[in-house]
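I have placed the structure first, in the form of structure tokens, so that the comments after it can refer back to it.
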Amino acid sequence: MTYILRLLTTATLALSFVTASQAAEFRLGLITPPPHIWTKAAEKFGAELAEASAGQHSVSVFPARQLGNEAEMLQQLQTGALDMAFMTVAEVSNRAPEFGAFYAPYLAQDIAHAGRILRSETASDMLQDLPGQVGVVGVGYGMAGLRQIVSRGDIKTAADLEGLKLRITPFTPILDFYNAVGAAPTPMPLPAVYDALANGQVDAIDMDAELIWLLKYYEHADTIVQSNHMMFPMVGLVSARTWTNLSDDDRTMISELMAKNVDSTIDSYVAKEAGWLSEVEGTGKTYLRVDSSFFGDAINEWNAIWSQKTSSLDALRATAAATK
């Protein structure tokens with residue numbers, strides 16, 4: 001609650017005026033498919049907001065890139081054409097490089113540790129500059145699972161990744177990581193991944209356990225590498241233009257309910273990730289568990305690049321050490 005109160009004060013000063021509360025139907029966009037944990041959390045947020053506002057406010061949820069990819073949705077948030085989004089921090093980092101620090105390889109020891117980092121005051125403080133930098137208000141963090149590697153071929157060492165066309169989410173921190181590894185990182189939207197892996201358009205993919213299992217990416221794989229090499233945060237966003245037109249009471253209600261529901265995704269992944277990985281391992285595919293030593297000098301190379309790009313890296317590393 002301390003952070004929410006700071007957020008309300010900062011945003012009120014940064015944005016120009018407050019209007020009286022009025023009924024609104026908000027539009028919320030996501031890239032995740034309808035069964036995904038993020039989409040379910042967005043739908044629950046909408047239902048709780050309708051109940052808390054006695055039907056005054058409603059939320060129409062648009063999953064599966066119905067409103068465009070994340071870059072397009074972020075532009076819509078900036079113009080006010082879209083009111084809200086549950087968005088990867090990856091996309092935000094394309095506009096606010098400080099957030100790239102969350103993708104430091106092995107910043108989190110495990111999925112529960114990743115949750116503690118995202119719930120820290122250090123992480124919360126990073127949201128304060130978003131209205132001025134990006135034109136959005138960040139109310140809190142969620143996440144997907146830690147990143148793993150699915151390959152069509154045999155993988156025994158990181159050298160086997162060299163030259164492979166490896167699907168990534170299109171953002172700079174992960175691009176830098178796989179360039180350092182020696183792979184050929186290939187940005188690709190989520191809906192295209194299954195067919196691309198099936199037909200050999202890509203040789204491997206960077207993905208979380210939930211989608212490896214539920215979307216059956218393992219079906220076209222020879223090797224699953226459980227590397228847990230990177231966390232993958234999500235952030236609940238409200239358009240600054242939408243925020244401007246909300247009353248103080250509505251800002252508080254929306255902030256608290258959205259923060260609660262994006263935060264709930266952390267608990268979901270902590271509870272479920274081990275089970276998904278166990279299911280994937282049980283498919284009979286070659287299953288390789290590795291740690292940071294697997295990637296050799298690539299991690300140091302990433303750290304050298306990103307220590308120059310963001311001042312948040314040291315603070316997040318100190319928080320990670322304090323929350324082990």
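We label chains A, B, ... in the order they appear in the structure tokens, count residues from 1 in each chain, and number ligands from 1 in the order shown.
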
Selection: 6 Å around stretch 217-234 of chain A, only C-alpha atoms, excl. self and same-chain fewer than 2 positions, as a ChimeraX atom specification: /A:87-89,103,105-106,141-144,146-154,198,212,215,285-291

Residues from the last selection, N, CA, C and O atoms, saved as a compact mmCIF listing (two decimals), in the first residue's frame:
```txt
# COMPACT_ATOMS: atom_id res chain seq x y z
N MET A 87 1.29 -6.27 -19.63
CA MET A 87 2.31 -6.27 -20.68
C MET A 87 3.63 -6.79 -20.13
O MET A 87 3.98 -6.56 -18.97
N THR A 88 4.39 -7.47 -20.99
CA THR A 88 5.72 -7.90 -20.58
C THR A 88 6.57 -6.68 -20.25
O THR A 88 6.50 -5.65 -20.93
N VAL A 89 7.38 -6.80 -19.23
CA VAL A 89 8.35 -5.75 -18.94
C VAL A 89 9.35 -5.65 -20.09
O VAL A 89 9.94 -4.59 -20.32
N TYR A 103 16.27 -8.61 -16.62
CA TYR A 103 16.60 -9.78 -17.43
C TYR A 103 18.06 -10.21 -17.27
O TYR A 103 18.56 -11.01 -18.07
N PRO A 105 20.92 -12.39 -16.55
CA PRO A 105 20.95 -13.85 -16.42
C PRO A 105 21.22 -14.28 -14.98
O PRO A 105 22.13 -13.78 -14.33
N TYR A 106 20.38 -15.17 -14.49
CA TYR A 106 20.50 -15.74 -13.15
C TYR A 106 20.41 -14.69 -12.05
O TYR A 106 20.97 -14.87 -10.97
N TYR A 141 3.62 -5.55 -10.48
CA TYR A 141 4.24 -6.58 -11.31
C TYR A 141 3.56 -7.94 -11.16
O TYR A 141 3.08 -8.30 -10.09
N GLY A 142 3.60 -8.69 -12.23
CA GLY A 142 3.34 -10.11 -12.23
C GLY A 142 4.51 -10.77 -12.92
O GLY A 142 5.58 -10.19 -13.08
N MET A 143 4.32 -12.01 -13.39
CA MET A 143 5.40 -12.65 -14.13
C MET A 143 4.90 -13.89 -14.84
O MET A 143 3.79 -14.37 -14.60
N ALA A 144 5.73 -14.35 -15.75
CA ALA A 144 5.61 -15.70 -16.30
C ALA A 144 6.75 -16.52 -15.68
O ALA A 144 7.48 -16.03 -14.82
N LEU A 146 10.31 -18.86 -15.41
CA LEU A 146 11.69 -18.68 -15.83
C LEU A 146 11.87 -19.25 -17.24
O LEU A 146 11.13 -20.12 -17.68
N ARG A 147 12.89 -18.76 -17.92
CA ARG A 147 13.08 -19.12 -19.33
C ARG A 147 13.85 -20.43 -19.46
O ARG A 147 14.82 -20.69 -18.74
N GLN A 148 13.40 -21.24 -20.43
CA GLN A 148 14.01 -22.52 -20.77
C GLN A 148 14.28 -22.53 -22.28
O GLN A 148 13.85 -21.64 -23.01
N ILE A 149 14.96 -23.57 -22.74
CA ILE A 149 15.29 -23.70 -24.17
C ILE A 149 14.74 -25.02 -24.69
O ILE A 149 14.94 -26.08 -24.09
N VAL A 150 14.06 -24.94 -25.82
CA VAL A 150 13.52 -26.11 -26.51
C VAL A 150 14.20 -26.18 -27.87
O VAL A 150 14.17 -25.22 -28.64
N SER A 151 14.82 -27.32 -28.19
CA SER A 151 15.59 -27.44 -29.42
C SER A 151 15.14 -28.62 -30.27
O SER A 151 14.83 -29.69 -29.74
N ARG A 152 15.14 -28.43 -31.58
CA ARG A 152 14.84 -29.52 -32.52
C ARG A 152 16.00 -30.52 -32.61
O ARG A 152 15.80 -31.64 -33.05
N GLY A 153 17.17 -30.09 -32.23
CA GLY A 153 18.33 -30.97 -32.31
C GLY A 153 18.89 -31.31 -30.95
O GLY A 153 18.36 -30.91 -29.91
N ASP A 154 19.98 -32.08 -30.94
CA ASP A 154 20.62 -32.48 -29.69
C ASP A 154 21.43 -31.31 -29.13
O ASP A 154 22.18 -30.64 -29.86
N ALA A 198 7.73 -26.50 -35.76
CA ALA A 198 7.33 -27.73 -36.44
C ALA A 198 7.94 -27.85 -37.83
O ALA A 198 8.36 -28.94 -38.25
N ILE A 212 5.57 -24.24 -22.90
CA ILE A 212 6.21 -25.46 -23.44
C ILE A 212 5.27 -26.65 -23.26
O ILE A 212 5.12 -27.48 -24.17
N LEU A 215 1.05 -25.53 -24.65
CA LEU A 215 0.96 -25.35 -26.10
C LEU A 215 1.74 -26.43 -26.86
O LEU A 215 1.87 -26.35 -28.08
N LYS A 285 11.44 -36.84 -24.00
CA LYS A 285 12.44 -36.08 -24.74
C LYS A 285 13.73 -36.01 -23.92
O LYS A 285 13.71 -36.16 -22.69
N THR A 286 14.85 -35.80 -24.59
CA THR A 286 16.09 -35.58 -23.86
C THR A 286 15.93 -34.34 -23.00
O THR A 286 15.53 -33.28 -23.47
N TYR A 287 16.21 -34.49 -21.71
CA TYR A 287 15.95 -33.42 -20.74
C TYR A 287 17.25 -33.11 -20.02
O TYR A 287 17.81 -33.94 -19.32
N LEU A 288 17.74 -31.89 -20.22
CA LEU A 288 19.05 -31.49 -19.70
C LEU A 288 18.87 -30.37 -18.69
O LEU A 288 18.30 -29.34 -18.99
N ARG A 289 19.37 -30.60 -17.46
CA ARG A 289 19.36 -29.55 -16.44
C ARG A 289 20.74 -28.90 -16.40
O ARG A 289 21.75 -29.59 -16.28
N VAL A 290 20.75 -27.57 -16.47
CA VAL A 290 22.03 -26.85 -16.47
C VAL A 290 21.94 -25.67 -15.50
O VAL A 290 20.85 -25.26 -15.08
N ASP A 291 23.12 -25.11 -15.18
CA ASP A 291 23.16 -23.90 -14.36
C ASP A 291 23.95 -22.83 -15.12
O ASP A 291 24.22 -22.97 -16.32
```

So that I can check the surroundings of A:Ala180, please list as a PDB file with N, CA and C atoms, in the first residue's frame every protein, DNA and RNA residue that reaches within 10 Å of it, counting only C-alpha atoms and ignoring chain neighbours fewer than 6 positions away.
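Printed below is selection34.pdb as written:
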```pdb
ATOM      1  N   GLU A 162      25.355 -22.575 -30.989  1.00  0.00           N
ATOM      2  CA  GLU A 162      25.983 -21.620 -31.904  1.00  0.00           C
ATOM      3  C   GLU A 162      25.405 -21.746 -33.303  1.00  0.00           C
ATOM      4  N   ILE A 174      17.278  -9.844 -24.209  1.00  0.00           N
ATOM      5  CA  ILE A 174      17.406 -11.261 -24.579  1.00  0.00           C
ATOM      6  C   ILE A 174      18.148 -11.410 -25.910  1.00  0.00           C
ATOM      7  N   PHE A 295      26.540 -21.523 -19.736  1.00  0.00           N
ATOM      8  CA  PHE A 295      26.624 -20.439 -20.714  1.00  0.00           C
ATOM      9  C   PHE A 295      27.990 -19.763 -20.764  1.00  0.00           C
ATOM     10  N   GLY A 296      28.901 -20.162 -19.896  1.00  0.00           N
ATOM     11  CA  GLY A 296      30.267 -19.671 -19.966  1.00  0.00           C
ATOM     12  C   GLY A 296      30.382 -18.165 -19.896  1.00  0.00           C
ATOM     13  N   ASP A 297      31.158 -17.583 -20.830  1.00  0.00           N
ATOM     14  CA  ASP A 297      31.441 -16.152 -20.810  1.00  0.00           C
ATOM     15  C   ASP A 297      30.267 -15.298 -21.266  1.00  0.00           C
ATOM     16  N   ALA A 298      29.209 -15.909 -21.789  1.00  0.00           N
ATOM     17  CA  ALA A 298      28.079 -15.123 -22.309  1.00  0.00           C
ATOM     18  C   ALA A 298      27.445 -14.271 -21.214  1.00  0.00           C
ATOM     19  N   ILE A 299      27.405 -14.784 -19.999  1.00  0.00           N
ATOM     20  CA  ILE A 299      26.784 -14.034 -18.899  1.00  0.00           C
ATOM     21  C   ILE A 299      27.614 -12.805 -18.563  1.00  0.00           C
ATOM     22  N   ASN A 300      28.931 -12.958 -18.489  1.00  0.00           N
ATOM     23  CA  ASN A 300      29.789 -11.807 -18.221  1.00  0.00           C
ATOM     24  C   ASN A 300      29.696 -10.783 -19.340  1.00  0.00           C
ATOM     25  N   GLU A 301      29.558 -11.259 -20.560  1.00  0.00           N
ATOM     26  CA  GLU A 301      29.433 -10.340 -21.693  1.00  0.00           C
ATOM     27  C   GLU A 301      28.124  -9.544 -21.595  1.00  0.00           C
ATOM     28  N   TRP A 302      27.036 -10.232 -21.226  1.00  0.00           N
ATOM     29  CA  TRP A 302      25.758  -9.525 -21.058  1.00  0.00           C
ATOM     30  C   TRP A 302      25.877  -8.490 -19.946  1.00  0.00           C
TER      31      TRP A 302
END
```

Using only C-alpha atoms, which residues sit within 12 Å of A:Ala192 once same-chain residues fewer than 5 positions away are excluded, as a ChimeraX atom specification? /A:64-65,167-169,186-187,197-199,201-202,205,215,217

With only C-alpha atoms as the atoms that count, which of A:Phe26, A:Trp276, A:Phe86, A:Trp213 lies nearest to A:Trp38?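 Answer, going by the shortest atom-to-atom distance: A:Phe86.
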
Between A:Lys260, A:Lys156, A:Arg95, A:Lys40, single out the one closest to A:Phe171, counting only C-alpha atoms. A:Arg95

Which residues come within 8 Å of A:Asn261, counting only C-alpha atoms, excluding same-chain residues fewer than 5 positions away, as a VMD selection string? chain A and resid 41 to 42 44 to 45

Go ahead and write the selection's residues with N, CA and C atoms as a PDB file, in the first residue's frame.
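Writing the result to selection.pdb gives the following:
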```pdb
ATOM      1  N   ALA A  41      -6.135 -13.580 -15.007  1.00  0.00           N
ATOM      2  CA  ALA A  41      -5.983 -12.529 -14.001  1.00  0.00           C
ATOM      3  C   ALA A  41      -6.621 -11.226 -14.475  1.00  0.00           C
ATOM      4  N   ALA A  42      -6.497 -10.929 -15.760  1.00  0.00           N
ATOM      5  CA  ALA A  42      -7.116  -9.714 -16.315  1.00  0.00           C
ATOM      6  C   ALA A  42      -8.634  -9.800 -16.225  1.00  0.00           C
ATOM      7  N   LYS A  44     -10.351 -11.542 -14.067  1.00  0.00           N
ATOM      8  CA  LYS A  44     -10.738 -11.437 -12.663  1.00  0.00           C
ATOM      9  C   LYS A  44     -10.673  -9.989 -12.201  1.00  0.00           C
ATOM     10  N   PHE A  45      -9.660  -9.264 -12.638  1.00  0.00           N
ATOM     11  CA  PHE A  45      -9.575  -7.832 -12.323  1.00  0.00           C
ATOM     12  C   PHE A  45     -10.820  -7.107 -12.816  1.00  0.00           C
TER      13      PHE A  45
END
```

Residues within 9 Å of A:Pro63, only C-alpha atoms, excluding chain neighbours under 6 positions, as a PyMOL selection string: chain A and resi 28-34+39

Please write the residues from the selection above to a file, keeping N, CA, C and O atoms, as a PDB file, in the first residue's frame.
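Wrote again35.pdb, looks like this:
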```
ATOM      1  N   LEU A  28      -8.772  -3.444 -22.085  1.00  0.00           N
ATOM      2  CA  LEU A  28      -7.504  -3.966 -21.584  1.00  0.00           C
ATOM      3  C   LEU A  28      -6.970  -4.986 -22.585  1.00  0.00           C
ATOM      4  O   LEU A  28      -7.669  -5.939 -22.930  1.00  0.00           O
ATOM      5  N   GLY A  29      -5.741  -4.800 -23.027  1.00  0.00           N
ATOM      6  CA  GLY A  29      -5.159  -5.684 -24.027  1.00  0.00           C
ATOM      7  C   GLY A  29      -4.028  -6.542 -23.485  1.00  0.00           C
ATOM      8  O   GLY A  29      -3.313  -6.151 -22.550  1.00  0.00           O
ATOM      9  N   LEU A  30      -3.885  -7.740 -24.062  1.00  0.00           N
ATOM     10  CA  LEU A  30      -2.790  -8.655 -23.745  1.00  0.00           C
ATOM     11  C   LEU A  30      -2.387  -9.411 -25.006  1.00  0.00           C
ATOM     12  O   LEU A  30      -3.167  -9.504 -25.959  1.00  0.00           O
ATOM     13  N   ILE A  31      -1.194  -9.995 -24.981  1.00  0.00           N
ATOM     14  CA  ILE A  31      -0.774 -10.863 -26.086  1.00  0.00           C
ATOM     15  C   ILE A  31      -1.054 -12.333 -25.781  1.00  0.00           C
ATOM     16  O   ILE A  31      -0.992 -13.170 -26.670  1.00  0.00           O
ATOM     17  N   THR A  32      -1.368 -12.658 -24.527  1.00  0.00           N
ATOM     18  CA  THR A  32      -1.500 -14.062 -24.139  1.00  0.00           C
ATOM     19  C   THR A  32      -2.845 -14.639 -24.569  1.00  0.00           C
ATOM     20  O   THR A  32      -3.843 -13.925 -24.648  1.00  0.00           O
ATOM     21  N   PRO A  33      -2.903 -15.962 -24.823  1.00  0.00           N
ATOM     22  CA  PRO A  33      -4.160 -16.590 -25.243  1.00  0.00           C
ATOM     23  C   PRO A  33      -5.156 -16.668 -24.095  1.00  0.00           C
ATOM     24  O   PRO A  33      -4.789 -16.508 -22.922  1.00  0.00           O
ATOM     25  N   PRO A  34      -6.429 -16.939 -24.405  1.00  0.00           N
ATOM     26  CA  PRO A  34      -7.471 -16.946 -23.363  1.00  0.00           C
ATOM     27  C   PRO A  34      -7.187 -17.848 -22.164  1.00  0.00           C
ATOM     28  O   PRO A  34      -7.495 -17.464 -21.032  1.00  0.00           O
ATOM     29  N   THR A  39      -4.207 -13.790 -18.764  1.00  0.00           N
ATOM     30  CA  THR A  39      -5.548 -13.461 -19.269  1.00  0.00           C
ATOM     31  C   THR A  39      -6.593 -13.708 -18.194  1.00  0.00           C
ATOM     32  O   THR A  39      -7.517 -12.898 -18.010  1.00  0.00           O
TER      33      THR A  39
END
```

Quick one: of A:Leu118, A:Ala23, A:Glu210, A:Gly163, who's nearest to A:Ala259, counting only C-alpha atoms? A:Leu118

I need the residues in stretch 92-271 of chain A that are strand (DSSP E) according to DSSP; give them as a PDB file with C-alpha atoms, in the first residue's frame.
```pdb
ATOM      1  CA  VAL A 136       1.780   5.013 -18.782  1.00  0.00           C
ATOM      2  CA  VAL A 137       1.173   4.388 -15.088  1.00  0.00           C
ATOM      3  CA  GLY A 138       2.554   1.113 -13.747  1.00  0.00           C
ATOM      4  CA  VAL A 139       0.597  -0.269 -10.803  1.00  0.00           C
ATOM      5  CA  GLY A 140       2.463  -3.500 -10.039  1.00  0.00           C
ATOM      6  CA  TYR A 141       4.244  -6.583 -11.306  1.00  0.00           C
ATOM      7  CA  GLY A 142       3.337 -10.112 -12.232  1.00  0.00           C
ATOM      8  CA  MET A 143       5.400 -12.648 -14.126  1.00  0.00           C
ATOM      9  CA  ALA A 144       5.611 -15.700 -16.295  1.00  0.00           C
ATOM     10  CA  ARG A 147      13.084 -19.118 -19.330  1.00  0.00           C
ATOM     11  CA  GLN A 148      14.014 -22.516 -20.772  1.00  0.00           C
ATOM     12  CA  ILE A 149      15.291 -23.701 -24.167  1.00  0.00           C
ATOM     13  CA  VAL A 150      13.520 -26.113 -26.515  1.00  0.00           C
ATOM     14  CA  SER A 151      15.593 -27.437 -29.423  1.00  0.00           C
ATOM     15  CA  LYS A 165      17.985 -19.853 -35.332  1.00  0.00           C
ATOM     16  CA  LEU A 166      16.511 -19.453 -31.865  1.00  0.00           C
ATOM     17  CA  ARG A 167      13.127 -17.791 -31.390  1.00  0.00           C
ATOM     18  CA  ILE A 168      13.088 -14.959 -28.861  1.00  0.00           C
ATOM     19  CA  ALA A 184      21.114 -16.493 -34.173  1.00  0.00           C
ATOM     20  CA  PRO A 185      18.285 -14.930 -32.135  1.00  0.00           C
ATOM     21  CA  THR A 186      15.115 -14.671 -34.213  1.00  0.00           C
ATOM     22  CA  PRO A 187      12.310 -12.412 -32.916  1.00  0.00           C
ATOM     23  CA  ALA A 204      15.088 -23.719 -31.102  1.00  0.00           C
ATOM     24  CA  ILE A 205      12.966 -21.458 -28.919  1.00  0.00           C
ATOM     25  CA  ASP A 206      13.349 -19.546 -25.668  1.00  0.00           C
ATOM     26  CA  MET A 207      10.154 -20.187 -23.679  1.00  0.00           C
ATOM     27  CA  ASP A 208       8.644 -20.640 -20.210  1.00  0.00           C
ATOM     28  CA  THR A 223      16.016 -31.626 -26.360  1.00  0.00           C
ATOM     29  CA  ILE A 224      14.571 -29.589 -23.513  1.00  0.00           C
ATOM     30  CA  VAL A 225      17.174 -27.562 -21.607  1.00  0.00           C
ATOM     31  CA  GLN A 226      15.953 -26.585 -18.145  1.00  0.00           C
ATOM     32  CA  PHE A 232      10.194 -12.813 -17.258  1.00  0.00           C
ATOM     33  CA  PRO A 233       8.225 -10.076 -15.473  1.00  0.00           C
ATOM     34  CA  MET A 234       4.880  -8.590 -16.439  1.00  0.00           C
ATOM     35  CA  VAL A 235       3.514  -5.179 -15.452  1.00  0.00           C
ATOM     36  CA  GLY A 236      -0.027  -3.857 -15.098  1.00  0.00           C
ATOM     37  CA  LEU A 237      -0.324  -0.566 -16.989  1.00  0.00           C
ATOM     38  CA  VAL A 238      -2.899   2.197 -17.253  1.00  0.00           C
ATOM     39  CA  SER A 239      -2.757   4.830 -19.993  1.00  0.00           C
TER      40      SER A 239
END
```

Point-to-point distance in Å for atom CA of A:Leu74 and atom CA of A:Glu91: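 Distance between the two atoms: 8.2 Å.
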
Fewer than 2 positions away in the same chain doesn't count, so skip those; otherwise give me all residues within 7 Å of A:Gln56, counting only C-alpha atoms, as a PyMOL selection string. chain A and resi 23-24+50+53-54+58

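Of the listed residues (A:Val181, A:Lys216, A:Trp243, A:Asn69), A:Lys216 comes nearest to A:Val193; the distances count only C-alpha atoms.
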
Would you give me, as a PyMOL selection string, the residues in stretch 31-141 of chain A that DSSP reads as alpha helix (DSSP H)? chain A and resi 37-52+70-79+89-95+111-118+121-126+130-134

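Atom CA of A:Gly132 sits 22.1 Å away from atom CA of A:Gln308.
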